[in-house]
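Undergrad: Structure: start-v2.txt, compact mmCIF, C-alpha atoms.
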```txt
# COMPACT_ATOMS: atom_id res chain seq x y z
CA MET A 101 6.49 -4.32 3.49
CA THR A 102 5.19 -1.16 5.09
CA GLN A 103 2.29 0.82 3.68
CA ASN A 104 4.77 3.59 2.79
CA GLN A 105 7.06 1.26 0.84
CA ARG A 106 4.07 -0.15 -0.98
CA HIS A 107 2.85 3.33 -1.83
CA GLU A 108 6.31 4.32 -3.03
CA ILE A 109 6.57 1.32 -5.34
CA GLU A 110 3.08 1.93 -6.68
CA THR A 111 4.01 5.54 -7.40
CA LEU A 112 7.14 4.41 -9.21
CA ILE A 113 5.14 1.93 -11.30
CA ALA A 114 2.67 4.70 -12.16
CA GLN A 115 5.46 7.05 -13.21
CA THR A 116 7.11 4.26 -15.17
CA ALA A 117 3.84 3.80 -17.01
CA LEU A 118 4.12 7.44 -18.10
CA GLY A 119 7.56 6.76 -19.55
CA ASN A 120 9.53 8.27 -16.67
CA GLN A 121 12.98 6.73 -16.98
CA ASN A 122 14.15 8.06 -13.63
CA ALA A 123 11.22 6.40 -11.85
CA PHE A 124 11.90 3.16 -13.70
CA SER A 125 15.51 3.31 -12.53
CA LYS A 126 14.39 3.83 -8.93
CA LEU A 127 11.86 1.01 -9.25
CA TYR A 128 14.66 -1.27 -10.42
CA ASP A 129 16.89 -0.21 -7.53
CA ALA A 130 14.12 -0.80 -4.99
CA THR A 131 12.92 -4.18 -6.24
CA SER A 132 15.61 -5.95 -8.29
CA GLY A 133 17.14 -7.60 -5.19
CA LYS A 134 13.93 -9.46 -4.47
CA LEU A 135 13.25 -10.32 -8.10
CA LEU A 136 16.79 -11.67 -8.64
CA ALA A 137 16.28 -13.86 -5.56
CA VAL A 138 13.07 -15.23 -7.13
CA CYS A 139 14.76 -15.83 -10.50
CA MET A 140 17.74 -17.51 -8.82
CA ARG A 141 15.45 -19.78 -6.83
CA VAL A 142 13.85 -20.99 -10.06
CA LEU A 143 16.86 -20.98 -12.39
CA SER A 144 19.60 -21.89 -9.86
CA GLU A 145 22.39 -20.13 -11.76
CA ARG A 146 23.14 -16.47 -11.21
CA ALA A 147 24.01 -15.71 -14.84
CA ALA A 148 20.76 -17.22 -16.11
CA ALA A 149 18.83 -15.45 -13.35
CA GLU A 150 20.36 -12.08 -14.20
CA ASP A 151 19.36 -12.54 -17.85
CA ALA A 152 15.85 -13.32 -16.66
CA VAL A 153 15.82 -10.23 -14.43
CA GLN A 154 16.65 -8.09 -17.44
CA GLU A 155 13.73 -9.61 -19.35
CA VAL A 156 11.47 -9.12 -16.32
CA TYR A 157 12.15 -5.38 -16.20
CA VAL A 158 11.70 -5.01 -19.94
CA LYS A 159 8.22 -6.47 -19.38
CA VAL A 160 7.69 -4.15 -16.42
CA TRP A 161 8.66 -1.15 -18.57
CA LYS A 162 6.30 -2.20 -21.33
CA ASN A 163 3.40 -3.31 -19.13
CA ALA A 164 3.53 -0.85 -16.22
CA GLY A 165 0.37 0.75 -17.56
CA ARG A 166 -1.45 -2.52 -17.01
CA TYR A 167 -0.49 -2.91 -13.36
CA GLN A 168 -3.56 -1.14 -12.01
CA VAL A 169 -5.99 -3.44 -13.82
CA THR A 170 -4.46 -6.71 -12.61
CA GLY A 171 -5.73 -6.40 -9.03
CA HIS A 172 -2.28 -7.24 -7.67
CA SER A 173 -0.32 -5.52 -4.94
CA PRO A 174 2.85 -4.02 -6.43
CA MET A 175 5.27 -6.65 -5.11
CA THR A 176 3.08 -9.63 -5.94
CA TRP A 177 2.72 -8.24 -9.47
CA LEU A 178 6.50 -7.98 -9.84
CA ILE A 179 7.13 -11.36 -8.18
CA THR A 180 4.59 -13.04 -10.47
CA ILE A 181 6.25 -11.59 -13.58
CA ALA A 182 9.68 -12.69 -12.28
CA ARG A 183 8.47 -16.18 -11.40
CA ASN A 184 6.60 -16.69 -14.69
CA THR A 185 9.49 -15.36 -16.78
CA SER A 186 11.92 -17.69 -14.99
CA ILE A 187 9.66 -20.71 -15.36
CA ASP A 188 9.20 -19.94 -19.08
CA ARG A 189 12.98 -19.84 -19.46
CA LEU A 190 13.37 -23.06 -17.50
CA ARG A 191 10.88 -24.78 -19.75
CA SER A 192 11.90 -23.17 -23.01
CA ARG A 193 13.85 -26.22 -24.09
CA ARG A 194 10.84 -28.49 -24.01
CA SER A 195 7.79 -26.36 -24.60
CA ASP A 196 6.66 -23.11 -26.14
CA ASP A 197 3.66 -22.72 -23.88
CA ASP A 198 3.88 -19.38 -22.13
CA ILE A 199 2.29 -19.52 -18.74
CA ALA A 200 -0.27 -17.09 -17.37
CA ASP A 201 0.39 -13.94 -19.34
CA HIS A 202 -0.87 -10.67 -17.89
CA SER A 203 -1.15 -9.02 -21.24
CA GLU A 204 -3.87 -11.50 -22.18
CA ARG A 205 -5.78 -11.02 -18.93
CA ILE A 206 -9.08 -9.21 -18.79
CA ALA A 207 -9.38 -6.57 -16.08
CA SER A 208 -10.53 -8.02 -12.81
CA PRO A 209 -13.98 -6.95 -11.62
CA GLU A 210 -12.46 -5.20 -8.64
CA LEU A 211 -9.79 -3.01 -10.05
CA SER A 212 -7.83 -1.44 -7.26
CA PRO A 213 -5.38 -3.55 -5.26
CA GLU A 214 -7.04 -2.25 -2.10
CA GLN A 215 -10.19 -3.98 -3.24
CA SER A 216 -8.43 -7.18 -4.19
CA ALA A 217 -10.22 -10.23 -2.94
CA ILE A 218 -7.01 -11.36 -1.27
CA ALA A 219 -6.03 -9.50 1.86
CA ALA A 220 -2.35 -9.34 2.75
CA SER A 221 -3.07 -11.28 5.92
CA GLU A 222 -4.59 -14.08 3.90
CA SER A 223 -1.65 -14.35 1.52
CA LYS A 224 0.71 -14.63 4.49
CA ARG A 225 -1.29 -17.58 5.72
CA ILE A 226 -0.19 -19.76 2.81
CA MET A 227 2.90 -20.98 4.69
CA GLY A 228 0.83 -22.16 7.64
CA CYS A 229 -1.75 -23.73 5.35
CA MET A 230 0.93 -25.48 3.30
CA ASP A 231 2.09 -27.06 6.56
CA GLU A 232 -1.35 -28.61 7.01
CA LEU A 233 -0.89 -30.59 3.79
CA LYS A 234 0.95 -33.91 3.66
CA PRO A 235 4.67 -33.25 3.12
CA ASP A 236 4.82 -34.80 -0.34
CA ARG A 237 1.75 -32.84 -1.52
CA ARG A 238 3.31 -29.69 -0.17
CA ALA A 239 6.42 -30.53 -2.16
CA ALA A 240 4.26 -31.01 -5.26
CA ILE A 241 2.73 -27.52 -5.03
CA SER A 242 5.98 -25.78 -4.27
CA GLY A 243 7.66 -27.89 -6.99
CA ALA A 244 5.14 -26.56 -9.48
CA TYR A 245 5.46 -22.95 -8.33
CA LEU A 246 9.19 -22.68 -7.70
CA ASP A 247 10.62 -25.42 -9.93
CA GLY A 248 8.16 -25.24 -12.80
CA LYS A 249 7.27 -28.91 -12.56
CA SER A 250 4.53 -30.19 -14.85
CA TYR A 251 1.94 -32.83 -14.00
CA LYS A 252 4.09 -35.26 -15.94
CA ASP A 253 7.18 -34.39 -13.86
CA LEU A 254 5.18 -34.66 -10.65
CA SER A 255 3.54 -37.96 -11.58
CA GLU A 256 6.99 -39.41 -12.29
CA GLN A 257 8.40 -37.99 -9.07
CA PHE A 258 5.59 -39.49 -6.99
CA ALA A 259 5.23 -42.63 -9.15
CA VAL A 260 1.50 -42.28 -9.75
CA PRO A 261 -0.50 -41.98 -12.98
CA LEU A 262 -0.79 -38.45 -14.34
CA ASN A 263 -4.56 -38.26 -13.81
CA THR A 264 -4.16 -39.36 -10.21
CA MET A 265 -1.57 -36.68 -9.69
CA ARG A 266 -3.94 -34.08 -11.09
CA THR A 267 -6.81 -35.25 -8.89
CA TRP A 268 -4.60 -35.12 -5.80
CA LEU A 269 -3.22 -31.71 -6.57
CA ARG A 270 -6.61 -30.16 -7.35
CA ARG A 271 -7.92 -31.53 -4.07
CA ASP A 272 -4.91 -30.10 -2.23
CA LEU A 273 -5.34 -26.72 -3.89
CA ALA A 274 -8.98 -26.69 -2.81
CA ALA A 275 -7.91 -27.56 0.75
CA LEU A 276 -5.31 -24.82 0.60
CA ARG A 277 -7.86 -22.25 -0.47
CA GLU A 278 -10.29 -23.43 2.18
CA CYS A 279 -7.58 -23.09 4.83
CA MET A 280 -6.51 -19.63 3.69
CA THR A 281 -10.04 -18.22 3.59
CA ARG A 282 -10.96 -19.85 6.91
CA MET B 330 -20.37 -12.18 -18.09
CA THR B 331 -21.57 -15.14 -16.06
CA SER B 332 -19.04 -17.87 -15.66
CA VAL B 333 -20.05 -21.36 -16.77
CA LEU B 334 -17.74 -22.79 -14.12
CA SER B 335 -18.78 -23.56 -10.58
CA SER B 336 -16.89 -21.71 -7.90
CA ASP B 337 -14.82 -24.79 -7.00
CA GLU B 338 -14.04 -25.64 -10.60
CA ARG B 339 -13.04 -22.08 -11.28
CA GLY B 340 -10.80 -22.02 -8.22
CA ALA B 341 -9.02 -25.27 -9.11
CA LEU B 342 -8.58 -24.35 -12.77
CA ALA B 343 -7.35 -20.86 -11.85
CA ALA B 344 -4.81 -22.32 -9.44
CA GLU B 345 -3.55 -24.78 -12.06
CA TYR B 346 -3.34 -21.95 -14.59
CA ALA B 347 -1.43 -19.72 -12.16
CA LEU B 348 0.99 -22.57 -11.43
CA GLY B 349 1.48 -23.23 -15.14
CA LEU B 350 0.34 -26.83 -14.84
CA LEU B 351 -2.18 -26.77 -17.68
CA THR B 352 -1.42 -28.06 -21.15
CA GLY B 353 -3.26 -28.54 -24.42
CA ASP B 354 -7.03 -28.01 -24.39
CA HIS B 355 -7.14 -27.20 -20.69
CA LEU B 356 -4.56 -24.45 -21.16
CA ALA B 357 -6.35 -23.04 -24.20
CA TYR B 358 -9.63 -23.02 -22.29
CA ALA B 359 -8.15 -21.34 -19.21
CA ARG B 360 -6.37 -18.75 -21.33
CA GLN B 361 -9.58 -17.95 -23.15
CA ARG B 362 -11.47 -17.61 -19.84
CA ALA B 363 -8.74 -15.41 -18.37
CA ALA B 364 -9.15 -13.08 -21.32
CA SER B 365 -12.95 -13.00 -21.22
CA ASP B 366 -14.26 -13.87 -17.73
CA PRO B 367 -13.45 -11.18 -15.12
CA GLU B 368 -14.24 -13.50 -12.20
CA PHE B 369 -11.90 -16.16 -13.51
CA ALA B 370 -9.20 -13.54 -14.14
CA GLN B 371 -9.61 -12.33 -10.54
CA SER B 372 -9.38 -15.89 -9.31
CA VAL B 373 -6.07 -16.38 -11.17
CA THR B 374 -4.74 -13.12 -9.69
CA ASP B 375 -5.82 -14.22 -6.20
CA TRP B 376 -3.83 -17.44 -6.58
CA GLU B 377 -0.81 -15.54 -7.88
CA ILE B 378 -0.97 -13.34 -4.78
CA ARG B 379 -1.19 -16.40 -2.51
CA PHE B 380 1.64 -18.25 -4.25
CA ALA B 381 3.86 -15.13 -4.27
CA ALA B 382 4.06 -15.51 -0.48
CA LEU B 383 6.03 -18.73 -1.12
CA THR B 384 8.96 -16.44 -1.99
CA ASP B 385 8.79 -14.51 1.31
CA ASP B 386 11.69 -16.45 2.81
CA LEU B 387 14.09 -15.82 -0.06
CA THR B 388 17.02 -13.52 0.71
CA ASP B 389 17.51 -10.58 -1.65
CA GLU B 390 20.34 -10.90 -4.17
CA THR B 391 21.98 -7.82 -5.68
CA PRO B 392 22.25 -7.97 -9.47
CA SER B 393 25.58 -6.96 -10.97
CA PRO B 394 25.63 -3.36 -12.31
CA ALA B 395 25.93 -4.74 -15.84
CA VAL B 396 22.31 -5.96 -15.67
CA LYS B 397 20.94 -2.44 -15.17
CA LYS B 398 23.20 -1.04 -17.88
CA ALA B 399 22.08 -3.68 -20.36
CA LEU B 400 18.46 -3.15 -19.37
CA GLN B 401 18.61 0.60 -19.90
CA ALA B 402 20.38 0.14 -23.22
CA GLU B 403 17.65 -2.27 -24.30
CA VAL B 404 14.66 -0.32 -23.08
CA PHE B 405 15.27 3.39 -23.40
CA PRO B 406 16.40 4.00 -26.98
CA LYS B 407 13.56 2.00 -28.44
CA THR B 408 10.57 2.67 -26.28
CA ALA B 409 11.16 5.89 -24.37
CA ARG B 410 8.90 8.73 -25.33
CA GLN B 411 10.97 11.58 -26.60
CA PRO B 412 11.27 14.15 -23.85
CA PHE B 413 10.20 17.64 -24.61
CA PHE B 414 13.58 19.16 -25.20
CA GLN B 415 14.66 16.37 -27.46
CA ARG B 416 11.78 17.21 -29.78
CA LEU B 417 12.75 20.85 -29.48
CA TRP B 418 16.23 19.93 -30.59
CA VAL B 419 14.90 18.25 -33.67
CA TRP B 420 12.99 21.35 -34.71
CA GLN B 421 16.01 23.50 -34.21
CA ALA B 422 18.22 21.18 -36.17
CA GLY B 423 15.77 21.17 -39.05
CA ALA B 424 15.54 24.89 -39.67
CA ALA B 425 15.25 28.26 -38.05
CA LEU B 426 13.44 28.00 -34.76
CA SER B 427 10.83 30.55 -33.94
CA LEU B 428 12.11 32.32 -30.89
CA SER B 429 8.63 33.22 -29.75
CA VAL B 430 7.67 29.54 -29.78
CA LEU B 431 10.72 28.65 -27.76
CA VAL B 432 10.09 31.41 -25.24
CA ALA B 433 6.52 30.21 -24.88
CA VAL B 434 7.81 26.70 -24.38
CA LEU B 435 10.28 27.77 -21.74
CA ALA B 436 7.64 29.79 -19.98
CA LEU B 437 5.47 26.71 -19.92
CA ASP B 438 8.12 24.49 -18.39
CA PHE B 439 10.02 26.80 -16.12
CA GLY B 440 7.86 29.85 -15.45
CA THR B 441 7.98 33.14 -17.24
CA PRO B 442 11.49 34.53 -17.74
CA ASP B 443 12.09 37.92 -16.19
CA GLN B 444 12.52 39.42 -19.62
CA THR B 445 12.57 37.98 -23.07
CA THR B 446 15.12 40.11 -24.80
CA GLY B 447 18.22 37.91 -24.57
CA PRO B 448 19.07 35.11 -27.00
CA LEU B 449 18.54 31.43 -26.28
CA TYR B 450 21.03 28.79 -27.27
CA ILE B 451 20.23 25.11 -27.49
CA ALA B 452 22.83 22.36 -27.52
CA GLU B 453 23.02 18.67 -26.83
CA ILE B 454 25.64 16.93 -24.76
CA ALA B 455 25.91 13.28 -25.77
CA ALA B 456 28.31 10.65 -24.47
CA ASP B 457 30.33 8.94 -27.21
CA ALA B 458 29.31 5.60 -25.71
CA GLY B 459 25.68 6.52 -26.41
CA ASP B 460 24.56 5.94 -22.83
CA PHE B 461 24.00 9.55 -21.76
CA ARG B 462 22.39 12.60 -23.33
CA VAL B 463 21.47 15.99 -22.00
CA VAL B 464 19.82 18.90 -23.78
CA ALA B 465 21.03 22.27 -22.54
CA VAL B 466 19.31 25.61 -23.11
CA VAL B 467 21.27 28.74 -22.25
CA ASP B 468 18.94 31.67 -21.66
CA LYS B 469 20.89 34.91 -21.97
CA SER B 470 17.87 36.99 -20.95
CA THR B 471 18.27 35.69 -17.41
CA ASP B 472 21.78 34.18 -17.66
CA GLU B 473 20.50 30.78 -16.69
CA ILE B 474 21.00 27.31 -18.06
CA PHE B 475 18.27 24.67 -18.22
CA LEU B 476 19.33 21.06 -18.56
CA THR B 477 17.21 18.01 -19.22
CA ARG B 478 18.45 14.45 -19.23
CA THR B 479 17.11 12.54 -22.21
CA GLN B 480 19.14 9.39 -21.63
CA GLY B 481 21.20 7.88 -18.84
CA ALA B 482 21.85 9.08 -15.32
CA ALA B 483 24.58 9.30 -12.71
CA PRO B 484 25.66 5.88 -11.41
CA GLU B 485 24.21 4.62 -8.15
CA GLY B 486 25.29 6.81 -5.24
CA ARG B 487 26.71 9.53 -7.51
CA ILE B 488 25.33 12.85 -8.74
CA LEU B 489 25.77 14.99 -11.83
CA GLN B 490 27.75 18.21 -11.90
CA VAL B 491 27.59 20.85 -14.63
CA TRP B 492 30.70 22.64 -15.82
CA ALA B 493 31.40 25.48 -18.22
CA HIS B 494 34.21 27.52 -19.65
CA GLY B 495 34.81 30.20 -22.25
CA GLU B 496 37.29 29.95 -25.11
CA SER B 497 40.29 30.73 -22.95
CA GLY B 498 38.84 30.99 -19.46
CA PRO B 499 39.13 28.37 -16.73
CA THR B 500 36.57 25.63 -16.21
CA VAL B 501 34.19 26.47 -13.40
CA SER B 502 31.39 24.56 -11.74
CA VAL B 503 27.98 25.84 -12.82
CA GLY B 504 26.29 23.77 -10.15
CA LEU B 505 25.28 20.38 -8.83
CA TRP B 506 22.50 18.27 -10.32
CA PRO B 507 21.73 15.81 -7.56
CA ASP B 508 18.42 14.44 -8.79
CA GLY B 509 15.59 14.82 -11.24
CA GLU B 510 15.33 14.85 -15.00
CA SER B 511 15.67 18.62 -15.36
CA ILE B 512 17.42 21.40 -13.55
CA ARG B 513 17.69 25.17 -13.82
CA LEU B 514 20.96 26.78 -12.73
CA PRO B 515 22.06 30.44 -12.74
CA LEU B 516 25.26 30.96 -14.68
CA PRO B 517 28.24 32.00 -12.54
CA GLU B 518 29.38 35.57 -13.26
CA THR B 519 32.48 34.53 -15.18
CA ILE B 520 30.41 32.25 -17.40
CA ALA B 521 27.66 34.82 -17.90
CA ALA B 522 30.40 37.17 -19.11
CA VAL B 523 31.68 34.74 -21.76
CA GLY B 524 31.32 35.94 -25.35
CA GLY B 525 32.04 33.72 -28.36
CA ILE B 526 32.41 29.99 -27.74
CA LEU B 527 30.84 28.72 -24.52
CA THR B 528 31.61 25.12 -23.60
CA ILE B 529 29.23 23.16 -21.37
CA GLY B 530 30.02 19.77 -19.86
CA VAL B 531 28.47 17.25 -17.47
CA SER B 532 30.32 14.82 -15.22
CA GLU B 533 29.34 12.34 -12.54
CA GLU B 534 30.66 13.08 -9.06
CA PRO B 535 30.29 12.02 -5.44
CA PRO B 536 27.34 13.47 -3.49
CA GLY B 537 28.21 17.07 -2.67
CA GLY B 538 30.13 17.46 -5.91
CA SER B 539 33.77 17.28 -6.89
CA SER B 540 36.12 18.33 -4.13
CA THR B 541 38.86 19.31 -6.59
CA GLY B 542 37.12 22.18 -8.37
CA LEU B 543 37.36 20.21 -11.59
CA PRO B 544 35.54 17.09 -12.78
CA SER B 545 36.79 14.14 -10.74
CA GLY B 546 34.52 11.45 -12.19
CA ARG B 547 33.59 10.46 -15.71
CA VAL B 548 32.84 13.39 -18.00
CA PHE B 549 29.90 12.24 -20.09
CA GLY B 550 30.56 14.82 -22.76
CA THR B 551 30.85 18.48 -23.60
CA VAL B 552 29.43 20.76 -26.25
CA ASP B 553 30.67 24.01 -27.72
CA ILE B 554 28.10 26.73 -28.30
CA PRO B 555 29.56 29.22 -30.76
CA GLY B 556 28.72 32.90 -31.06
CA VAL B 557 27.32 33.36 -27.58
CA SER B 558 26.36 36.95 -26.93
CA GLY B 559 24.18 38.84 -24.51
CA GLN B 560 22.56 40.77 -27.36
CA LEU B 561 19.86 39.57 -29.69
```
Would you kindly transcribe this structure into structure tokens?

TA:
Amino acid sequence: MTQNQRHEIETLIAQTALGNQNAFSKLYDATSGKLLAVCMRVLSERAAAEDAVQEVYVKVWKNAGRYQVTGHSPMTWLITIARNTSIDRLRSRRSDDDIADHSERIASPELSPEQSAIAASESKRIMGCMDELKPDRRAAISGAYLDGKSYKDLSEQFAVPLNTMRTWLRRDLAALRECMTR
Amino acid sequence: MTSVLSSDERGALAAEYALGLLTGDHLAYARQRAASDPEFAQSVTDWEIRFAALTDDLTDETPSPAVKKALQAEVFPKTARQPFFQRLWVWQAGAALSLSVLVAVLALDFGTPDQTTGPLYIAEIAADAGDFRVVAVVDKSTDEIFLTRTQGAAPEGRILQVWAHGESGPTVSVGLWPDGESIRLPLPETIAAVGGILTIGVSEEPPGGSSTGLPSGRVFGTVDIPGVSGQL
């Protein structure tokens, strides 16, 4: 994403926060393709993903005013809402635990996305750093992020006790962070 | 606030929270920290930004048009702030509207009219389907029409076009409305000359407007303004 596109989407989010329906419509047009792709990756079915996309943009409409305090870049903010909404829907049959909810999040100490601790270059490095992990551990992290797998699911998948799974994954996440900040 | 977690513990817990792996007490604890510890909240955001890059390889998918329609129907009637002219409409509907207030309002939004001696007429164009509304103000002091969308818009790749006619006269194009929530258009001579019932309509058309001289796309609705006159 170019700096201009990023600026345009930020402007649209800001106008949406002021209740500008036209800006919200443009924001939808500019970003719904990506967010539907994210929802489809998690939910597999197009119909379910389109329902999720609708819920995602209702949240965007209601929470646009909170975007600036999250410390996200505009697309990662939207992608995170899409991913979390999809995972919640995927899990809704077995649990009522909503995952990381922005509305309950305190403002980050560094408010503007420009000051975010994560540089764009660092976030791009995750693919390379994932490759440094053992293949099955890599599958565990991406299974949690993109398939909404729980520790229980993962421990069954890899046939290890749940606590072992958690120890492994926490170690891998630490290695991932170390690699990305290297 | 100083975090009670070490940097490593905070990082691991934040990553698990961002992934949605936590349950029970761990989840409750992380949620409480996210709401009260700015450093932990930042750490969760940082992980969300990192993980979001896992979706970089996904190919965009275009949602069906029905998704946007359903979204707008869900979001706008309930949560949209009432635009200025919609509130204006409510006053007018309630009782006699102070002309001086309205003139002041118009001056605020559109610049000072050249003169303030002509009447103003307010009307609302609303689609029967409930998905489109426009408030129109005809200013006879300048023979202009101001329109503001309060709900709905032209479909993707289309624009709005404004039409008008007198009681017996032909329908003429008042002008194109390619973008934006509001527009100010001068009335064509034949429309400025209309006395009695003035009918205003809005349709959606291809970019550049209808090529037929009449609405070629969906007409969202029309409204009749009775008793139009150039004199106060």

Undergrad: So that I can check the surroundings of segment 226-230 of chain A, please list as a PyMOL selection string every protein, DNA and RNA residue that reaches within 7 Å of it, counting all atoms listed in the file and ignoring chain neighbours fewer than 3 positions away.

TA: (chain A and resi 223+233+238+276+279-280) or (chain B and resi 379+382-383)

Undergrad: For the selection you just gave me, I'd like the residues written to a file as a compact mmCIF listing (two decimals), keeping the file's coordinate frame, keeping C-alpha atoms.

TA:
```txt
# COMPACT_ATOMS: atom_id res chain seq x y z
CA SER A 223 -1.65 -14.35 1.52
CA LEU A 233 -0.89 -30.59 3.79
CA ARG A 238 3.31 -29.69 -0.17
CA LEU A 276 -5.31 -24.82 0.60
CA CYS A 279 -7.58 -23.09 4.83
CA MET A 280 -6.51 -19.63 3.69
CA ARG B 379 -1.19 -16.40 -2.51
CA ALA B 382 4.06 -15.51 -0.48
CA LEU B 383 6.03 -18.73 -1.12
```

Undergrad: Have a look at atom CA of Glu510 of chain B and atom CA of Gly447 of chain B and let me know their distance in Å, one decimal.

TA: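 Separation of atom CA of Glu510 of chain B and atom CA of Gly447 of chain B: 25.1 Å.
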
Undergrad: Taking all atoms listed in the file into account, which residues of chain B are within 7 Å of chain A, as an mmCIF file with C-alpha atoms, in the frame of the given file?

TA:
```cif
data_model
loop_
_atom_site.group_PDB
_atom_site.id
_atom_site.type_symbol
_atom_site.label_atom_id
_atom_site.label_comp_id
_atom_site.auth_asym_id
_atom_site.auth_seq_id
_atom_site.Cartn_x
_atom_site.Cartn_y
_atom_site.Cartn_z
ATOM 1 C CA ALA B 341 -9.020 -25.270 -9.110
ATOM 2 C CA TYR B 346 -3.340 -21.950 -14.590
ATOM 3 C CA ALA B 347 -1.430 -19.720 -12.160
ATOM 4 C CA LEU B 348 0.990 -22.570 -11.430
ATOM 5 C CA GLY B 349 1.480 -23.230 -15.140
ATOM 6 C CA LEU B 350 0.340 -26.830 -14.840
ATOM 7 C CA ALA B 363 -8.740 -15.410 -18.370
ATOM 8 C CA ALA B 364 -9.150 -13.080 -21.320
ATOM 9 C CA SER B 365 -12.950 -13.000 -21.220
ATOM 10 C CA PRO B 367 -13.450 -11.180 -15.120
ATOM 11 C CA GLU B 368 -14.240 -13.500 -12.200
ATOM 12 C CA ALA B 370 -9.200 -13.540 -14.140
ATOM 13 C CA GLN B 371 -9.610 -12.330 -10.540
ATOM 14 C CA THR B 374 -4.740 -13.120 -9.690
ATOM 15 C CA ASP B 375 -5.820 -14.220 -6.200
ATOM 16 C CA GLU B 377 -0.810 -15.540 -7.880
ATOM 17 C CA ILE B 378 -0.970 -13.340 -4.780
ATOM 18 C CA ARG B 379 -1.190 -16.400 -2.510
ATOM 19 C CA ALA B 381 3.860 -15.130 -4.270
ATOM 20 C CA ALA B 382 4.060 -15.510 -0.480
ATOM 21 C CA LEU B 383 6.030 -18.730 -1.120
ATOM 22 C CA THR B 384 8.960 -16.440 -1.990
ATOM 23 C CA LEU B 387 14.090 -15.820 -0.060
ATOM 24 C CA THR B 388 17.020 -13.520 0.710
ATOM 25 C CA ASP B 389 17.510 -10.580 -1.650
ATOM 26 C CA GLU B 390 20.340 -10.900 -4.170
ATOM 27 C CA THR B 391 21.980 -7.820 -5.680
ATOM 28 C CA PRO B 392 22.250 -7.970 -9.470
ATOM 29 C CA VAL B 396 22.310 -5.960 -15.670
ATOM 30 C CA LEU B 400 18.460 -3.150 -19.370
ATOM 31 C CA VAL B 404 14.660 -0.320 -23.080
ATOM 32 C CA ALA B 409 11.160 5.890 -24.370
ATOM 33 C CA ARG B 410 8.900 8.730 -25.330
#
```

Undergrad: Between atom CA of Ile474 of chain B and atom CA of Ser558 of chain B, what is the spacing in Å?

TA: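 It comes out at 14.2 Å.
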
Undergrad: Give me, as a ChimeraX atom specification, all polymer residues having an atom no more than 8 Å from Leu527 of chain B, counting all atoms listed in the file and skipping those fewer than 6 positions away in the same chain.

TA: /B:493-496,520,553-555,557

Undergrad: Please provide the set of residues having any atom within 7 Å of Gly546 of chain B, restricted to only C-alpha atoms, with same-chain residues fewer than 4 positions apart removed, written as a PDB file with C-alpha atoms, in the coordinates of the input.

TA:
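Once written, around_9.pdb looks like this:
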```pdb
ATOM      1  CA  SER B 532      30.320  14.820 -15.220  1.00  0.00           C
ATOM      2  CA  GLU B 533      29.340  12.340 -12.540  1.00  0.00           C
ATOM      3  CA  GLU B 534      30.660  13.080  -9.060  1.00  0.00           C
TER       4      GLU B 534
END
```

Undergrad: Between B:Thr471, B:Val464, B:Arg360, B:Glu403, single out the one closest to Pro515 of chain B, counting only C-alpha atoms.

TA: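 Using only C-alpha atoms, Pro515 of chain B sits closest to B:Thr471.
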
Undergrad: Just the number, please: distance in Å from atom CA of Ser540 of chain B to atom CA of Pro499 of chain B, one decimal.

TA: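 So the two atoms, atom CA of Ser540 of chain B and atom CA of Pro499 of chain B, lie 16.4 Å apart.
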
Undergrad: Counting only C-alpha atoms, what is within 8 Å of Ala455 of chain B, bar same-chain residues fewer than 5 positions away, as a list in words?

TA: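 Returned residues: Phe461, Arg462, Val463, Phe549, Gly550 and Thr551 of chain B.
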
Undergrad: Let me make sure I understand: among B:Ile454, B:Ala483, B:Val523, B:Val531, which one has the smallest atom-to-atom distance to Asp508 of chain B if we use all atoms listed in the file?

TA: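 With all atoms listed in the file as the atom set, the closest residue is B:Ala483.
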
Undergrad: Which residues are near segment 110-113 of chain A? Cut-off 6 Å, only C-alpha atoms, ignore same chain within fewer than 6 positions. Put them as an NGL selection string.

TA: :A and (123 or 127 or 164 or 174)

Undergrad: Could you turn the residues from that selection into a file that holds C-alpha atoms, as a PDB file, in the coordinates of the input?

TA:
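Generated file (selection.pdb):
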```
ATOM      1  CA  ALA A 123      11.220   6.400 -11.850  1.00  0.00           C
ATOM      2  CA  LEU A 127      11.860   1.010  -9.250  1.00  0.00           C
ATOM      3  CA  ALA A 164       3.530  -0.850 -16.220  1.00  0.00           C
ATOM      4  CA  PRO A 174       2.850  -4.020  -6.430  1.00  0.00           C
TER       5      PRO A 174
END
```
